[in-house]
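Engineer: Below is one structure. I have some questions about it.
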Amino acid sequence: MSDGQSGDFDFRTWSHRASDWAADYLESIGDRSVRPKVKPGAIAERIADAAPETGQSMEDIFEDFESIIPDGMTHWQHPRFFAYFQSNAAPAAQLAEQLATAFASQCMLWQTSPAATELEIKMVDWLRQALGLPESFKGSFQDTASSATLCAVLTMRERALGFAGNKEGLFGKKPLRIYASGRTHSSVDKALWVAGLGQDNLVKVPTGPGPLYSMDGDALKRMIEEDRANGMVPAGVVICIGGTSIGATDNASEICAIAAQQGLYTHVDAAWAGSAMICPEFRHLWAGAENADSIVLNPHKWLGVPMECSLHLVRDPEMLVRTLAIQPEYLKTHGKDGIVNFSEWSVQLGRRFRALKVWFLMRCYGLEALRGRIRNHVAWSQRLAERLRAEPDFEIITEPILSLFSFRHAPAAATDLGDHNRALVNAINDDGRIYLTQTDHDGTFAIRFVAGQFDMRENDIDIAFETITQVARNLE
Ligand SMILES: *Cc1c(COP(=O)(O)O)cnc(C)c1O
C-alpha cells in the first residue's frame with residue numbers, strides 16, 4: 001500500500017476462498033434455520049460506525065463476514081423456503097454473475113458492450129421460444145418487474161398522448177385511465193404514481209370467483225365506456241397472470257380482445273407464473289397473452305437466474321423506444337443503424353450484463369431439466385394441499401394455482417381463527433425448518449404455501465407437512 005492506492009490482498013487466492021465458501025454454504029444450507037433468529041439492530045451493532053482510513057486485511061474482513069452475515073440472513077436458497085415467491089440463484093448462473101462482475105461492464109449501448117448486447121438479443125429470443133410466444137416479440141432484461149411495468153405504463157401514457165407527454169408534461173391534460181383487477185401487484189399502483197398518472201386513475205376492476213379470481217370483462221368494458229363518456233382518456237389495461245397473494249389469473253384472451261376493441265395498450269404481469277410457461281401444459285393459464293402488447297416475467301423468481309433479471313417482451317419495440325429513448329449527443333452511435341441500444345428500452349441508463357447468467361443457466365441445465373423442476377414444484381405443492389385438506393381441522397382457503405395455495409388451521413377450540421393462524425405462522429417460522437408467509441384473502445387470514453426453490457426435493461415437502469401439522473397441534 002506504499003503507493004497510496006493498492007490493496008495488499010491476493011485476488012486469486014481470495015476468489016477461490018469465496019467460491020469454496022459459496023459451495024460449502026449451498027451444500028449445508030438445509031441444516032440452517034430458514035429465517036434467521038436475530039433481533040432488529042443486532043447485526044448493525046456489530047458493524048463499525050464509519051469506514052476505515054487504511055485498508056484492512058482480507059483475513060479480517062472475511063472472518064467478520066463469516067461470523068456476522070450468514071446467521072443474519074434469510075436463506076432464500078434453502079430448499080424449504082416456501083414464503084413469498086422464491087428468488088433463485090442456480091449455481092451455474094452464479095458462476096456467470098462472478099464473470100459478469102469481472103467485466104464491470106456498462107451495457108447501456110451496443111458499443112459500450114457489443115457482446116453483452118448481442119447475447120441479450122439472443123437470450124431474450126431463446127426465452128421467447130421456450131415460452132411459446134410468437135417471433136414478433138422482442139425484448140430486454142430489466143432489473144425487476146416493477147421497472148418493466150413502469151415502462152409499460154409510460155408507454156400507455158405516451159401512446160394515449162400522441163407521444164407528447166414527455167415534452168409537455170401532464171398539466172392541464174384530461175385524466176388518463178389504466179385498468180387492472182384489484183388483485184394485481186402493488187408495482188402497478190406504484191407505476192402510476194411514478195408516471196404522474198395518480199393512484200385515482202388506476203381503475204380497479206372487480207374479479208370473479210375462485211379458483212382464478214379473474215377480472216370481470218363486462219365490468220371492464222363498462223368502466224372504460226363510462227370513463228370515456230365522462231371526458232377521461234382510457235389508456236391501457238394491466239393483465240394479471242399469477243398474482244402475488246393467491247395466484248389470481250385474468251383471462252388474457254378475453255381482456256386483450258376488449259382492449260383491442262377499445263384501442264387500449266395491454267401489459268401482462270406474469271412476474272412469477274411466467275417462468276412456468278416453459279411447460280406447454282401450463283400455457284392455458286395465459287392463453288391469449290400472445291395478443292398483448294407487453295409482457296413481463298421474472299426469470300429471477302422461478303427459473304433460476306439470480307437477481308436481478310426480468311424479461312420484458314414487447315410486440316412493438318418502436319413504441320417503447322419512442323417513449324424512453326433520450327439521446328444527448330455523447331450517447332449517439334452515429335452511422336450504426338440497426339444497432340440496439342438497450343438503455344432506450346428501460347428507465348435506467350447504466351445496465352448490468354444480465355444475459356450472461358441466462359446463457360449459463362439455459363445451457364448448463366437445458367430446457368427439459370428446467371421444465372422438470374417446475375413440474376415437480378407444481379405436483380409436490382398440489383400433493384401437499386391434498387394432504388392438508390385430508391387432515392382434520394385444516395382448510396384450503398384458495399386452491400393451488402401452479403405451486404401456490406393458501407390454507408388455515410381451524411380447530412373447534414380456536415376462538416379467533418385470524419389470531420390463531422397468525423400465531424401458527426409465527427410459531428412455524430420460529431421452528432426454523434420451513435418458512436411461510438401469510439396473506440389477507442378477502443378478509444380471511446390465510447397462510448400461503450409456494451414451492452419453487454431450484455434444488456428442493458420431494459422430501460422437503462414431507463418435512464413441510466410434518467412441521468405444519470406438528471406445530472399446529474402443539475398450539476391447540
Ligand atoms: C414479484 C412480483 C412483482 C414484483 O417483482 P419485482 O421484480 O420485485 O419488481 C410484480 N408482480 C407480481 C405478480 C409478482 O409476483
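We label chains A, B, ... in the order they appear in the C-alpha cells, count residues from 1 in each chain, and number ligands from 1 in the order shown.
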Taking only C-alpha atoms and all ligand atoms into account, which residues are within 10 Å of ligand 1, as a PyMOL selection string?
Structural biologist: chain A and resi 84-87+142-150+183-188+239-249+268-274+296-301+307-311
Engineer: Restricted to C-alpha atoms, what would the selected residues look like written as an mmCIF file, in the first residue's frame?
Structural biologist:
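This is the output file selection.cif:
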data_model
loop_
_atom_site.group_PDB
_atom_site.id
_atom_site.type_symbol
_atom_site.label_atom_id
_atom_site.label_comp_id
_atom_site.auth_asym_id
_atom_site.auth_seq_id
_atom_site.Cartn_x
_atom_site.Cartn_y
_atom_site.Cartn_z
ATOM 1 C CA TYR A 84 -43.258 -15.003 -0.809
ATOM 2 C CA PHE A 85 -42.127 -16.143 -4.244
ATOM 3 C CA GLN A 86 -38.706 -17.782 -4.446
ATOM 4 C CA SER A 87 -35.665 -15.824 -5.567
ATOM 5 C CA GLN A 142 -34.680 -5.256 -16.886
ATOM 6 C CA ASP A 143 -33.741 -5.233 -13.219
ATOM 7 C CA THR A 144 -37.195 -6.011 -11.851
ATOM 8 C CA ALA A 145 -40.800 -6.474 -12.905
ATOM 9 C CA SER A 146 -41.583 -3.173 -11.192
ATOM 10 C CA SER A 147 -39.339 -1.398 -13.709
ATOM 11 C CA ALA A 148 -40.787 -3.237 -16.701
ATOM 12 C CA THR A 149 -44.319 -2.455 -15.566
ATOM 13 C CA LEU A 150 -43.344 1.204 -15.167
ATOM 14 C CA ARG A 183 -55.628 -8.483 -7.343
ATOM 15 C CA THR A 184 -52.684 -7.124 -9.304
ATOM 16 C CA HIS A 185 -49.354 -6.419 -7.647
ATOM 17 C CA SER A 186 -48.676 -3.092 -5.908
ATOM 18 C CA SER A 187 -45.980 -2.385 -8.515
ATOM 19 C CA VAL A 188 -48.831 -1.402 -10.856
ATOM 20 C CA ILE A 239 -53.490 -8.222 -17.034
ATOM 21 C CA CYS A 240 -52.504 -10.300 -14.023
ATOM 22 C CA ILE A 241 -51.311 -13.884 -14.512
ATOM 23 C CA GLY A 242 -50.474 -15.499 -11.160
ATOM 24 C CA GLY A 243 -50.988 -12.667 -8.675
ATOM 25 C CA THR A 244 -48.799 -12.458 -5.618
ATOM 26 C CA SER A 245 -51.354 -13.048 -2.896
ATOM 27 C CA ILE A 246 -53.130 -16.192 -4.087
ATOM 28 C CA GLY A 247 -52.217 -16.522 -7.773
ATOM 29 C CA ALA A 248 -55.207 -14.651 -9.265
ATOM 30 C CA THR A 249 -55.191 -15.038 -13.036
ATOM 31 C CA VAL A 268 -49.290 -8.764 -18.832
ATOM 32 C CA ASP A 269 -47.770 -9.059 -15.353
ATOM 33 C CA ALA A 270 -46.692 -12.699 -15.092
ATOM 34 C CA ALA A 271 -43.711 -11.935 -12.861
ATOM 35 C CA TRP A 272 -43.896 -15.250 -11.012
ATOM 36 C CA ALA A 273 -46.099 -17.550 -13.112
ATOM 37 C CA GLY A 274 -44.461 -16.613 -16.414
ATOM 38 C CA VAL A 296 -43.109 -9.171 -18.008
ATOM 39 C CA LEU A 297 -41.859 -12.245 -16.198
ATOM 40 C CA ASN A 298 -39.047 -12.762 -13.736
ATOM 41 C CA PRO A 299 -36.502 -15.464 -14.564
ATOM 42 C CA HIS A 300 -35.019 -14.406 -11.201
ATOM 43 C CA LYS A 301 -38.005 -15.860 -9.430
ATOM 44 C CA MET A 307 -31.488 -11.344 -9.024
ATOM 45 C CA GLU A 308 -31.889 -9.116 -10.989
ATOM 46 C CA CYS A 309 -33.356 -10.416 -14.215
ATOM 47 C CA SER A 310 -36.798 -9.503 -15.505
ATOM 48 C CA LEU A 311 -37.719 -10.384 -19.052
#
Engineer: With a cut-off of 9 Å, could you pull out the residues of stretch 27-85 of chain A touching stretch 416-431 of chain A and give me the nearest pair of atoms for each, distance in Å to one decimal, using only C-alpha atoms, ordered by chain and ascending number, as CSV?
Structural biologist:
residue,atom,partner,partner_atom,distance
A:Ser33,CA,A:Asp431,CA,7.8
A:Val34,CA,A:Asn429,CA,8.0
A:Arg35,CA,A:Asn429,CA,6.9
A:Pro36,CA,A:Asp430,CA,8.8
A:Lys37,CA,A:Asp430,CA,7.7
Engineer: Keeping only all heavy atoms, write the selected residues to a file as a PDB file, in the first residue's frame.
Structural biologist:
ATOM      1  N   SER A  33     -31.551 -22.739   9.933  1.00  0.00           N
ATOM      2  CA  SER A  33     -32.906 -22.259  10.104  1.00  0.00           C
ATOM      3  C   SER A  33     -33.188 -21.350   8.905  1.00  0.00           C
ATOM      4  O   SER A  33     -32.360 -20.508   8.562  1.00  0.00           O
ATOM      5  CB  SER A  33     -32.975 -21.485  11.425  1.00  0.00           C
ATOM      6  OG  SER A  33     -34.152 -20.733  11.482  1.00  0.00           O
ATOM      7  N   VAL A  34     -34.341 -21.530   8.235  1.00  0.00           N
ATOM      8  CA  VAL A  34     -34.577 -20.762   7.000  1.00  0.00           C
ATOM      9  C   VAL A  34     -34.557 -19.268   7.294  1.00  0.00           C
ATOM     10  O   VAL A  34     -33.932 -18.492   6.593  1.00  0.00           O
ATOM     11  CB  VAL A  34     -35.926 -21.137   6.343  1.00  0.00           C
ATOM     12  CG1 VAL A  34     -36.022 -20.503   4.957  1.00  0.00           C
ATOM     13  CG2 VAL A  34     -36.080 -22.641   6.233  1.00  0.00           C
ATOM     14  N   ARG A  35     -35.250 -18.890   8.369  1.00  0.00           N
ATOM     15  CA  ARG A  35     -35.273 -17.476   8.757  1.00  0.00           C
ATOM     16  C   ARG A  35     -34.333 -17.313   9.935  1.00  0.00           C
ATOM     17  O   ARG A  35     -34.316 -18.143  10.830  1.00  0.00           O
ATOM     18  CB  ARG A  35     -36.702 -17.088   9.160  1.00  0.00           C
ATOM     19  CG  ARG A  35     -36.988 -15.602   9.061  1.00  0.00           C
ATOM     20  CD  ARG A  35     -38.424 -15.308   9.418  1.00  0.00           C
ATOM     21  NE  ARG A  35     -38.728 -15.686  10.804  1.00  0.00           N
ATOM     22  CZ  ARG A  35     -39.832 -15.310  11.441  1.00  0.00           C
ATOM     23  NH1 ARG A  35     -40.741 -14.572  10.836  1.00  0.00           N
ATOM     24  NH2 ARG A  35     -40.049 -15.690  12.686  1.00  0.00           N
ATOM     25  N   PRO A  36     -33.511 -16.269   9.918  1.00  0.00           N
ATOM     26  CA  PRO A  36     -32.520 -16.144  10.993  1.00  0.00           C
ATOM     27  C   PRO A  36     -33.189 -15.815  12.320  1.00  0.00           C
ATOM     28  O   PRO A  36     -34.274 -15.246  12.347  1.00  0.00           O
ATOM     29  CB  PRO A  36     -31.665 -14.975  10.526  1.00  0.00           C
ATOM     30  CG  PRO A  36     -32.591 -14.121   9.741  1.00  0.00           C
ATOM     31  CD  PRO A  36     -33.528 -15.081   9.042  1.00  0.00           C
ATOM     32  N   LYS A  37     -32.505 -16.188  13.377  1.00  0.00           N
ATOM     33  CA  LYS A  37     -33.028 -15.852  14.702  1.00  0.00           C
ATOM     34  C   LYS A  37     -32.280 -14.610  15.185  1.00  0.00           C
ATOM     35  O   LYS A  37     -31.370 -14.716  16.004  1.00  0.00           O
ATOM     36  CB  LYS A  37     -32.834 -17.038  15.645  1.00  0.00           C
ATOM     37  CG  LYS A  37     -33.581 -18.293  15.146  1.00  0.00           C
ATOM     38  CD  LYS A  37     -33.410 -19.467  16.105  1.00  0.00           C
ATOM     39  CE  LYS A  37     -33.805 -20.817  15.534  1.00  0.00           C
ATOM     40  NZ  LYS A  37     -35.151 -21.049  15.125  1.00  0.00           N
TER      41      LYS A  37
END
Engineer: Just to confirm, what's the straight-line distance from atom CA of A:Ile326 to atom CA of A:Lys357 in Å (one decimal)?
Structural biologist: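 Straight-line distance from atom CA of A:Ile326 to atom CA of A:Lys357 works out to 28.0 Å.
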Engineer: Determine the nearest neighbour of A:Gln199 from the options A:Phe342, A:Tyr179, A:Phe62, A:Phe137, counting only C-alpha atoms.
Structural biologist: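 Closest candidate: A:Tyr179.
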Engineer: I'd like to know which of A:Pro211, A:Gly366, A:Gly172, A:Pro114 is closest to A:Ile401, using only C-alpha atoms.
Structural biologist: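 Among the listed residues, A:Pro211 lies closest to A:Ile401.
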Engineer: Kindly give the distance, in Å, that separates atom CA of A:Gln77 and atom CA of A:Gln453, rounded to a single decimal.
Structural biologist: 6.5 Å
Engineer: Select, from A:Cys107, A:Ile434, A:Ile397, A:Ala44, the residue with the minimum atom-to-atom distance to A:Ile447, counting only C-alpha atoms.
Structural biologist: A:Ile397
Engineer: Smallest atom-to-atom distance to A:Leu119: which of A:Ala42, A:Val358, A:Cys364, A:Ala257, using only C-alpha atoms?
Structural biologist: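 Smallest distance to A:Leu119 is found for A:Val358.
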Engineer: When DSSP works through the backbone of this structure, what residues of stretch 104-282 of chain A end up as alpha helix (DSSP H), shown as a PyMOL selection string?
Structural biologist: chain A and resi 114-130+145-160+165-168+186-194+217-229+252-262
Engineer: I'd like to know which residues of stretch 151-384 of chain A are strand (DSSP E) (by DSSP, run on the backbone); could you write them as number ranges by chain?
Structural biologist: A: 176-181, 202-205, 233-240, 265-269, 294-297, 310-314
Engineer: With C-alpha atoms retained, could you export that selection as a PDB file, in the first residue's frame?
Structural biologist:
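Okay, again18.pdb is ready:
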ATOM      1  CA  LEU A 176     -55.541   9.095 -18.366  1.00  0.00           C
ATOM      2  CA  ARG A 177     -57.069   5.887 -17.060  1.00  0.00           C
ATOM      3  CA  ILE A 178     -55.480   2.496 -16.580  1.00  0.00           C
ATOM      4  CA  TYR A 179     -57.418  -0.629 -15.668  1.00  0.00           C
ATOM      5  CA  ALA A 180     -56.387  -3.634 -13.621  1.00  0.00           C
ATOM      6  CA  SER A 181     -58.070  -6.069 -11.295  1.00  0.00           C
ATOM      7  CA  LEU A 202     -55.851   3.200 -11.609  1.00  0.00           C
ATOM      8  CA  VAL A 203     -59.305   1.745 -12.032  1.00  0.00           C
ATOM      9  CA  LYS A 204     -59.637  -1.477 -10.057  1.00  0.00           C
ATOM     10  CA  VAL A 205     -61.965  -3.782 -11.932  1.00  0.00           C
ATOM     11  CA  VAL A 233     -58.923   9.035 -21.623  1.00  0.00           C
ATOM     12  CA  PRO A 234     -58.680   5.243 -21.237  1.00  0.00           C
ATOM     13  CA  ALA A 235     -55.054   4.323 -21.980  1.00  0.00           C
ATOM     14  CA  GLY A 236     -54.263   0.743 -21.026  1.00  0.00           C
ATOM     15  CA  VAL A 237     -55.046  -2.469 -19.180  1.00  0.00           C
ATOM     16  CA  VAL A 238     -52.732  -4.495 -16.937  1.00  0.00           C
ATOM     17  CA  ILE A 239     -53.490  -8.222 -17.034  1.00  0.00           C
ATOM     18  CA  CYS A 240     -52.504 -10.300 -14.023  1.00  0.00           C
ATOM     19  CA  TYR A 265     -52.471  -0.931 -24.791  1.00  0.00           C
ATOM     20  CA  THR A 266     -52.127  -4.160 -22.782  1.00  0.00           C
ATOM     21  CA  HIS A 267     -49.419  -5.277 -20.374  1.00  0.00           C
ATOM     22  CA  VAL A 268     -49.290  -8.764 -18.832  1.00  0.00           C
ATOM     23  CA  ASP A 269     -47.770  -9.059 -15.353  1.00  0.00           C
ATOM     24  CA  SER A 294     -46.169  -6.109 -23.418  1.00  0.00           C
ATOM     25  CA  ILE A 295     -45.341  -8.991 -21.066  1.00  0.00           C
ATOM     26  CA  VAL A 296     -43.109  -9.171 -18.008  1.00  0.00           C
ATOM     27  CA  LEU A 297     -41.859 -12.245 -16.198  1.00  0.00           C
ATOM     28  CA  SER A 310     -36.798  -9.503 -15.505  1.00  0.00           C
ATOM     29  CA  LEU A 311     -37.719 -10.384 -19.052  1.00  0.00           C
ATOM     30  CA  HIS A 312     -39.692  -7.557 -20.655  1.00  0.00           C
ATOM     31  CA  LEU A 313     -41.175  -8.537 -24.014  1.00  0.00           C
ATOM     32  CA  VAL A 314     -42.938  -6.109 -26.341  1.00  0.00           C
TER      33      VAL A 314
END
Engineer: For A:Phe394, which residue out of A:Met223, A:Leu367, A:Met73, A:Ala410 is the nearest one, using only C-alpha atoms?
Structural biologist: A:Ala410
Engineer: Leaving out A:Glu399 and any residue of its chain fewer than 6 positions from it, which residues lie within 10 Å of it when counting only C-alpha atoms, given as number ranges by chain?
Structural biologist: A: 210-212, 246-247, 382, 385-386, 405-407
Engineer: Keeping only N, CA, C and O atoms, take the residues you just selected and write them out as a PDB file, in the first residue's frame.
Structural biologist:
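Output saved as out_2.pdb:
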ATOM      1  N   GLY A 210     -63.267 -17.821  -7.409  1.00  0.00           N
ATOM      2  CA  GLY A 210     -62.090 -18.669  -7.484  1.00  0.00           C
ATOM      3  C   GLY A 210     -62.359 -19.849  -8.388  1.00  0.00           C
ATOM      4  O   GLY A 210     -63.505 -20.068  -8.768  1.00  0.00           O
ATOM      5  N   PRO A 211     -61.390 -20.641  -8.721  1.00  0.00           N
ATOM      6  CA  PRO A 211     -60.023 -20.531  -8.204  1.00  0.00           C
ATOM      7  C   PRO A 211     -59.185 -19.439  -8.880  1.00  0.00           C
ATOM      8  O   PRO A 211     -58.133 -19.104  -8.366  1.00  0.00           O
ATOM      9  N   LEU A 212     -59.667 -18.864 -10.007  1.00  0.00           N
ATOM     10  CA  LEU A 212     -58.788 -17.950 -10.737  1.00  0.00           C
ATOM     11  C   LEU A 212     -58.972 -16.480 -10.342  1.00  0.00           C
ATOM     12  O   LEU A 212     -58.077 -15.675 -10.520  1.00  0.00           O
ATOM     13  N   ILE A 246     -52.608 -14.820  -3.994  1.00  0.00           N
ATOM     14  CA  ILE A 246     -53.130 -16.192  -4.087  1.00  0.00           C
ATOM     15  C   ILE A 246     -53.084 -16.725  -5.525  1.00  0.00           C
ATOM     16  O   ILE A 246     -53.699 -17.744  -5.833  1.00  0.00           O
ATOM     17  N   GLY A 247     -52.386 -16.025  -6.404  1.00  0.00           N
ATOM     18  CA  GLY A 247     -52.217 -16.522  -7.773  1.00  0.00           C
ATOM     19  C   GLY A 247     -53.330 -16.124  -8.733  1.00  0.00           C
ATOM     20  O   GLY A 247     -53.498 -16.751  -9.788  1.00  0.00           O
ATOM     21  N   GLN A 382     -49.185 -29.371  -4.986  1.00  0.00           N
ATOM     22  CA  GLN A 382     -50.587 -29.777  -5.052  1.00  0.00           C
ATOM     23  C   GLN A 382     -50.837 -31.017  -4.183  1.00  0.00           C
ATOM     24  O   GLN A 382     -51.888 -31.151  -3.564  1.00  0.00           O
ATOM     25  N   ALA A 385     -51.212 -29.801  -0.687  1.00  0.00           N
ATOM     26  CA  ALA A 385     -52.553 -29.231  -0.476  1.00  0.00           C
ATOM     27  C   ALA A 385     -53.549 -30.353  -0.188  1.00  0.00           C
ATOM     28  O   ALA A 385     -54.392 -30.237   0.715  1.00  0.00           O
ATOM     29  N   GLU A 386     -53.439 -31.459  -0.923  1.00  0.00           N
ATOM     30  CA  GLU A 386     -54.363 -32.585  -0.704  1.00  0.00           C
ATOM     31  C   GLU A 386     -54.151 -33.219   0.668  1.00  0.00           C
ATOM     32  O   GLU A 386     -55.110 -33.576   1.356  1.00  0.00           O
ATOM     33  N   PHE A 405     -50.758 -22.234  -3.030  1.00  0.00           N
ATOM     34  CA  PHE A 405     -52.107 -22.322  -2.458  1.00  0.00           C
ATOM     35  C   PHE A 405     -52.075 -21.693  -1.073  1.00  0.00           C
ATOM     36  O   PHE A 405     -51.005 -21.371  -0.546  1.00  0.00           O
ATOM     37  N   SER A 406     -53.273 -21.494  -0.502  1.00  0.00           N
ATOM     38  CA  SER A 406     -53.291 -20.968   0.862  1.00  0.00           C
ATOM     39  C   SER A 406     -54.225 -21.817   1.708  1.00  0.00           C
ATOM     40  O   SER A 406     -55.153 -22.453   1.198  1.00  0.00           O
ATOM     41  N   PHE A 407     -53.955 -21.840   3.003  1.00  0.00           N
ATOM     42  CA  PHE A 407     -54.703 -22.710   3.912  1.00  0.00           C
ATOM     43  C   PHE A 407     -54.808 -22.054   5.282  1.00  0.00           C
ATOM     44  O   PHE A 407     -54.180 -21.021   5.541  1.00  0.00           O
TER      45      PHE A 407
END
Engineer: Quick one, how far is atom CA of A:Glu63 from atom CA of A:Ile47?
Structural biologist: 12.8 Å
Engineer: From the options A:Asp125, A:Asp31, A:Glu281, A:Asp24, which residue's atoms come nearest to A:Arg375, counting only C-alpha atoms?
Structural biologist: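 Nearest candidate to A:Arg375 out of A:Asp125, A:Asp31, A:Glu281, A:Asp24: A:Glu281.
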Engineer: Which residues, written as an MDAnalysis selection string, have at least one atom at most 12 Å from A:Lys173, with only C-alpha atoms counted and residues fewer than 6 positions away on the same chain left out?
Structural biologist: chainID A and resid 157 160:161 164:165 196:197 231:233
